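Structure first, commentary second.
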Amino acid sequence: MTGTVFDIKEFAVHDGPGPRVTVFLKGCPLRCRWCHNPEGLSPEPQLLWKKNLCVGCGRCREPCGHEECRGLGRCWRKCPKGALSLSGRVWEAEALAEKLRRSAPMLAAMGGGVTLSGGEPTMQWRFAAELLDRLAPMHRAVETCGYCSGEAFGAILGRVEYVLMDLKLADPALHRKFTGVDNAPILRNLELLRASGKPFLLRTPLIPGITDTEENLRGIAALAGEDPVELLEYNKFAPAKYDMLGRAYPLPELPAPRTPDLSLFRNVTLSRLS
Amino acid sequence: MLTELRSYILNKEYYKYRRPSGIDFAAEYAAEKLPPRARVADRFARICALETPLIMPGERIVLTRTITDPNAIFIKEEGKERIDLPCIYTKDEWLAVKREHFIHEAGYLSNVIPDFAQILSRGLLDYKKDADEYACRMIDALIGLTDRYADEARRQGRDDVAETLARVPRYPARGFREALQFLRAINFAAWLEGNYHVTMGRFDLYCWPYLRADLESGKLTEDEALDLLCDFFLAFNKDTDLYYSIYRGDNGQSFTLGGVGRDGKPVFNTLSKLCLKASKALKVIDPKINIRVDKNTPPEIYELGSELTAVGLGFPQYTNDDVIVPGFERLGYAPEDARNYAIAACWEIIVPILSADIINVGALSFAKVVDRAFHGALPTAKTFDEFYAAVESGIRGECAAITGRMQNVWFIPSPLYGLFFPVEDISKGGKYNNFGIHGTGISTAADSLAAIKKYVYDEKSVSPADYIAAVDADFAGHEDFLAKLRYDTPKMGCDDDYVDSLAVRLMDSFADALEGKRNCRGGVFRAGTGSAMYYLWHAEEIGASPDGRRKGEGLGTNFSPSLYARTPGPFSIIRSFTKPHLQRTVNGGPLTLEFHSSMFATEDGVRKLAQLVRSFVQLGGHQIQLNTVDAATLRDAQKHPEKYPQLIVRIWGWSAYFVELDRRYQDHVIARSEYSL
């Protein structure tokens with residue numbers, strides 16, 4: 001079957017054990033206000049436009065007949081300046097697996113593997129499950145927000161060797177306010193994850209004034225218990241991708257970041273990603 | 001102490017002691033018709049006598065140039081390059097020399113590694129037995145200068161410095177500090193004699209016995225040794241603006257660490273480790289660190305190296321013994337000599353003590369050869385193989401021109417430095433006299449061939465005439481085709497055999513074209529994958545290219561994907577660039593990868609970088625260098641250079657302070673980093 005992928009990143013260093021190839025599946029049920037991958041939100045292919053490279057020649061508006069350009073109104077392939085790119089390509093699971101398997105010997109030698117990320121990979125869980133099956137025996141990981149049905153979560157969980165799962169906000173109301181959805185399904189899936197016995201890491205992005213409050217960190221620490229947590233320092237710069245999608249960054253000015261109190265946690269690391 | 005010394009050097013505070021010699025050496029020598037050895041020796045001795053002993057705050061490893069000649073212009077027919085030493089020839093004399101001989105670059109000895117182990121164990125006085133009157137005079141002059149340094153040290157109450165100088169360079173070194181001071185004196189003398197690309201060879205091999213003895217006897221702790229080593233490393237940053245080079249940093253002061261000895265046993269030791277620590281602590285561009293590795297090199301060595309990459313030094317550079325040693329044996333180097341190889345200046349490979357190889361006699365422009373075949377043979381070639389035959393004959397033609405150009409080569413003699421080689425006159429040749437030729441623009445050429453093969457021969461969607469017209473118009477009026485060529489055509493670096501197999505073919509043709517050729521000194525020619533500064537020069541020689549490269553755009557640095565190629569990332573790049581038969585192209589020239597600096601902010605990230613480099617070596621890559629950059633920072637540094645005096649980037653085989661570079665080199669680094677991985 002087919003799935004929509006908006007990026008494939010070789011040598012991802014923050015997405016699981018060892019160096020990895022990370023596959024970003026398009027579409028996400030959450031609308032976190034701080035989202036740094038806005039091109040991963042919509043399940044549909046989208047055009048990315050680097051405004052500073054565009055000379056306004058209009059060639060991209062000429063009809064092209066490409067299947068992948070249908071409905072986009074422009075052809076990204078025609079841009080002589082490289083200002084346009086397509087975020088979201090439709091892949092057959094086997095074709096994608098074949099591409100990823102080319103890196104298998106290197107990944108095995110380095111102790112790495114493939115990570116499915118997004119967006120939210122469980123949004124396309126049937127495709128993800130088929131892809132993961134086709135990737136075995138490579139080391140497979142998933143990076144998920146945990147918001148999906150138990151069936152979807154279980155299908156992915158059974159096919160990976162490692163899970164990175166976000167816990168953003170402990171309080172259900174705040175979770176609804178800042179991500180658009182309730183966290184009850186996430187917590188249910190956390191229990192499934194624990195029960196699976198698979199190694200995993202819980203991750204909390206430190207968004208100043210939103211997730212880095214003492215109250216929230218206490219809540220996260222309580223949910224995590226003995227399980228390992230990674231706190232990710234937040235990069236305050238609005239990602240360039242919002243501009244390329246022609247959208248405004250939804251997060252207002254934030255207060256200064258606080259240094260998190262690591263003593264609240266039993267098993268925690270603090271990382272700066274970018 | 002070290003922090004103070006470091007800023008004293010980086011802030012150039014010691015420049016205030018500099019003064020010109022005020023002597024017109026060349027005119028005197030011309031009037032007296034002095035032979036070359038006499039000229040070199042006389043200039044050296046008189047400048048030593050004029051030097052002002054200068055001991056910087058807290059400095060323990062001393063000797064700094066104070067006599068400069070700010071008006072000295074090295075005479076070169078095409079253009080002018082600076083060398084901050086008074087000339088020993090008048091312009092007319094030098095042109096006469098050049099009519100008689102082939103003069104390579106500056107005409108002085110470069111890219112050779114003397115027998116440092118023997119120097120340290122003999123002391124300079126002992127060399128007077130082997131020396132002629134000129135070399136004797138130079139030894140005396142150098143010792144005279146270090147004696148005056150000792151007097152100045154005593155005057156300043158720095159008896160430690162005075163005691164060290166009472167021993168070296170006169171007598172053998174008795175410990176690590178004396179060895180370092182001795183090496184500093186030799187390095188100082190080498191440059192002052194006129195030599196350039198003065199490279200340091202296998203430091204952790206020849207200097208280790210001195211450190212090991214001091215550590216074992218308790219004379220030094222590892223921390224004390226590291227402190228001394230930092231002082232020694234800083235010394236390589238003192239006089240660099242006076243050296244012959246196009247840019248500060250391109251001076252060839254390279255250290256080669258690790259690898260195996262002549263006996264095949266691993267070398268990497270405590271001193272190697274301390275070198276990496278010193279570099280990381282100092283964050284300065286010299287000396288440049290090279291690590292020799294092979295498939296058995298443990299992960300820890302890559303991790304120590306990656307820590308340097310992570311702080312943004314642009315080195316270490318890694319060279320793979322599993323490729324170089326057999327490659328060197330094929331070229332005729334004895335196995336034990338091949339095992340003992342070291343890096344010359346940037347990435348060129350030589351054998352310490354025995355090589356008088358001239359590692360950079362010219363450069364084959366793959367891009368130009370393809371450009372010529374494209375314009376000449378494409379309209380008539382019926383098949384791609386027929387077209388490729390024209391490319392191959394172009395490569396043979398270029399190689400014949402480059403190899404034939406260099407006849408009757410002659411170097412200004414080095415009476416002093418020459419003492420440290422086991423031959424009569426190293427400037428006239430050594431055990432190995434092979435010549436190296438760079439190969440530039442491999443990805444531009446391979447990508448061009450792939451596009452030609454695809455559109456002209458496989459798909460037949462473009463006629464040769466239209467294709468040539470599009471390229472000659474720099475794609476004006478052919479924008480659709482341009483976009484297709486640039487962003488939708490196989491590119492080297494994507495692990496796509498369609499194009500990678502053409503790169504393999506090009507490099508084989510290059511090696512084939514040199515095979516069996518002999519140079520004017522009886523040596524062979526070595527094909528390489530380096531670009532040096534040719535990645536800009538060769539780009540300027542041609543217009544747009546058939547791969548969609550616009551006129552004026554640079555070629556990739558060394559052995560790298562094209563600047564605008566949208567590669568899937570480092571795994572694919574590594575697989576593409578390990579496909580060629582690299583044992584046949586061992587002159588040197590690394591795969592150059594650019595990473596965003598944020599990737600290695602954590603220890604875990606550094607460890608993963610180490611794993612990546614290791615897997616490159618295990619896949620049979622020959623050489624790799626890595627840059628950590630951030631295009632936004634680089635752009636800001638162009639606007640506000642004062643904010644970034646110490647921002648370091650890797651250029652082609654050396655690291656530089658970004659703000660000191662010419663705009664075109666800055667722009668190239670930025671273009672590379674735009675597509676950073």
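Please note that chains go A, B, ... in the order of the structure tokens, that every chain numbers its residues from 1, and that ligands are numbered from 1 in the order shown.
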Residue neighbourhood Leu5 of chain B, 9 Å, only C-alpha atoms, exclusion window fewer than 3 positions, as a CSV table (one decimal) with C-alpha atoms, in the first residue's frame:
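Below is the file out-v2.csv, written as the result:
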chain,number,residue,atom,x,y,z
B,1,MET,CA,49.2,31.2,31.6
B,2,LEU,CA,48.2,29.5,28.4
B,8,TYR,CA,48.8,37.5,23.2
B,9,ILE,CA,49.3,35.5,20.0
B,10,LEU,CA,45.8,35.8,18.6
B,56,MET,CA,56.0,36.3,25.4
B,57,PRO,CA,54.2,36.3,28.7
B,58,GLY,CA,54.3,32.8,30.2
B,59,GLU,CA,55.8,31.3,27.0
B,231,ASP,CA,52.5,26.0,24.3
B,234,LEU,CA,50.5,27.8,19.8
Determine which residues of chain B sit within 8 Å of chain A, taking into account only C-alpha atoms, and present them as a PyMOL selection string. chain B and resi 479-480+482-484+487-488+568-572+598-599+601-602+604-605+608-609+611-612+615
May I have the residues from that selection written out with C-alpha atoms, as a PDB file, in the first residue's frame?
ATOM      1  CA  GLU B 479      14.759  27.320 -17.828  1.00  0.00           C
ATOM      2  CA  ASP B 480      12.688  24.143 -17.836  1.00  0.00           C
ATOM      3  CA  LEU B 482      17.846  23.860 -16.395  1.00  0.00           C
ATOM      4  CA  ALA B 483      15.462  22.948 -13.575  1.00  0.00           C
ATOM      5  CA  LYS B 484      15.328  19.363 -14.806  1.00  0.00           C
ATOM      6  CA  TYR B 487      17.023  19.069  -9.518  1.00  0.00           C
ATOM      7  CA  ASP B 488      15.652  16.080 -11.400  1.00  0.00           C
ATOM      8  CA  PRO B 568      19.610  12.276   0.574  1.00  0.00           C
ATOM      9  CA  GLY B 569      22.374  12.713   3.163  1.00  0.00           C
ATOM     10  CA  PRO B 570      25.718  11.424   4.343  1.00  0.00           C
ATOM     11  CA  PHE B 571      24.981   7.707   4.031  1.00  0.00           C
ATOM     12  CA  SER B 572      24.212   8.016   0.333  1.00  0.00           C
ATOM     13  CA  SER B 598      23.970  22.020  16.203  1.00  0.00           C
ATOM     14  CA  MET B 599      24.158  18.304  15.407  1.00  0.00           C
ATOM     15  CA  ALA B 601      26.021  19.691  20.708  1.00  0.00           C
ATOM     16  CA  THR B 602      25.631  16.532  22.778  1.00  0.00           C
ATOM     17  CA  ASP B 604      25.730  11.325  22.003  1.00  0.00           C
ATOM     18  CA  GLY B 605      25.849  13.328  18.760  1.00  0.00           C
ATOM     19  CA  LYS B 608      27.363   9.101  16.328  1.00  0.00           C
ATOM     20  CA  LEU B 609      29.619  11.265  14.180  1.00  0.00           C
ATOM     21  CA  GLN B 611      30.385   5.986  14.052  1.00  0.00           C
ATOM     22  CA  LEU B 612      29.741   7.654  10.705  1.00  0.00           C
ATOM     23  CA  SER B 615      31.741   3.312   8.687  1.00  0.00           C
TER      24      SER B 615
END
Using DSSP on the backbone coordinates, identify all residues within segment 414-597 of chain B classified as alpha helix (DSSP H); present the result as a ChimeraX atom specification. /B:442-452,464-472,479-487,497-514,534-541,570-577
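Atom CA of Leu313 of chain B is found 18.2 Å from atom CA of Gly589 of chain B.
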Just give me the gap between atom CA of Asp147 of chain B and atom CA of Ala38 of chain B in Å, one decimal is fine. 23.5 Å
Taking 2 positions as the minimum chain separation for residues in the same chain, which residues sit within 6 Å of Ala83 of chain A when counting only C-alpha atoms? Answer as JSON, numbers by chain. {"A": [49, 50, 53, 54, 81]}
Given the selection you just returned, output its residues as a file containing N, CA and C atoms, formatted as a PDB file, in the first residue's frame.
ATOM      1  N   TRP A  49       7.840  26.923  -0.531  1.00  0.00           N
ATOM      2  CA  TRP A  49       8.287  27.999  -1.404  1.00  0.00           C
ATOM      3  C   TRP A  49       9.321  28.853  -0.683  1.00  0.00           C
ATOM      4  N   LYS A  50      10.559  28.828  -1.190  1.00  0.00           N
ATOM      5  CA  LYS A  50      11.606  29.683  -0.620  1.00  0.00           C
ATOM      6  C   LYS A  50      11.511  31.044  -1.297  1.00  0.00           C
ATOM      7  N   LEU A  53      14.429  32.984  -2.903  1.00  0.00           N
ATOM      8  CA  LEU A  53      15.028  32.516  -4.150  1.00  0.00           C
ATOM      9  C   LEU A  53      14.141  32.818  -5.363  1.00  0.00           C
ATOM     10  N   CYS A  54      12.865  33.079  -5.104  1.00  0.00           N
ATOM     11  CA  CYS A  54      11.895  33.223  -6.192  1.00  0.00           C
ATOM     12  C   CYS A  54      12.115  34.532  -6.942  1.00  0.00           C
ATOM     13  N   LYS A  81      15.230  28.203 -10.178  1.00  0.00           N
ATOM     14  CA  LYS A  81      16.018  28.685  -9.039  1.00  0.00           C
ATOM     15  C   LYS A  81      15.995  27.709  -7.871  1.00  0.00           C
TER      16      LYS A  81
END
Residues at most 8 Å from Arg159 of chain A, counting only C-alpha atoms, excluding those fewer than 6 positions away in the same chain, as a PDB file with C-alpha atoms, in the first residue's frame?
ATOM      1  CA  ALA A 129       3.140  -1.348   9.789  1.00  0.00           C
ATOM      2  CA  LEU A 132       8.200  -1.805   9.259  1.00  0.00           C
ATOM      3  CA  ASP A 133       7.564  -5.424   8.294  1.00  0.00           C
ATOM      4  CA  ARG A 140      13.357  -0.030  13.894  1.00  0.00           C
TER       5      ARG A 140
END
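Near Phe200 of chain A, within a cut-off of 9 Å and counting only C-alpha atoms, sit the residues Glu161, Tyr162, Val163, Leu164, Met165, Leu193, Arg194, Gly197, Lys198, Leu202, Asp227 and Pro228 of chain A, with same-chain residues fewer than 2 positions away left out.
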Those residues you just picked out, can you put them in a file as a tab-separated table (two decimals), in the first residue's frame with N, CA and C atoms?
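This is the output file result29.tsv:
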chain	number	residue	atom	x	y	z
A	161	GLU	N	11.69	-1.92	17.70
A	161	GLU	CA	12.56	-2.34	18.80
A	161	GLU	C	12.75	-1.21	19.81
A	162	TYR	N	12.27	-0.02	19.48
A	162	TYR	CA	12.51	1.12	20.38
A	162	TYR	C	11.43	2.17	20.12
A	163	VAL	N	11.00	2.82	21.20
A	163	VAL	CA	9.94	3.83	21.06
A	163	VAL	C	10.38	5.14	21.71
A	164	LEU	N	10.18	6.23	20.98
A	164	LEU	CA	10.34	7.57	21.54
A	164	LEU	C	8.94	8.15	21.61
A	165	MET	N	8.48	8.46	22.82
A	165	MET	CA	7.11	8.94	22.93
A	165	MET	C	7.09	10.27	23.67
A	193	LEU	N	2.49	0.65	26.13
A	193	LEU	CA	3.93	0.70	25.90
A	193	LEU	C	4.67	0.02	27.06
A	194	ARG	N	4.28	0.38	28.28
A	194	ARG	CA	4.93	-0.21	29.46
A	194	ARG	C	4.75	-1.73	29.47
A	197	GLY	N	7.03	-4.16	27.36
A	197	GLY	CA	8.40	-4.50	27.74
A	197	GLY	C	9.44	-3.98	26.77
A	198	LYS	N	9.02	-3.19	25.76
A	198	LYS	CA	9.99	-2.63	24.81
A	198	LYS	C	10.74	-1.46	25.45
A	202	LEU	N	10.67	8.66	27.13
A	202	LEU	CA	9.62	9.68	27.11
A	202	LEU	C	10.28	11.04	26.89
A	227	ASP	N	10.49	5.57	34.67
A	227	ASP	CA	10.84	5.48	33.26
A	227	ASP	C	11.70	6.66	32.81
A	228	PRO	N	12.57	6.43	31.83
A	228	PRO	CA	13.49	7.49	31.43
A	228	PRO	C	12.79	8.64	30.68
Could you list, as a tab-separated table (two decimals) with C-alpha atoms, in the first residue's frame, every residue within 9 Å of Ala224 of chain A, counting only C-alpha atoms and ignoring same-chain residues fewer than 6 positions away?
chain	number	residue	atom	x	y	z
A	167	LEU	CA	4.61	13.55	26.99
A	202	LEU	CA	9.62	9.68	27.11
A	265	PHE	CA	12.60	13.32	38.09
A	266	ARG	CA	13.95	9.90	38.92
A	267	ASN	CA	15.56	9.20	35.54
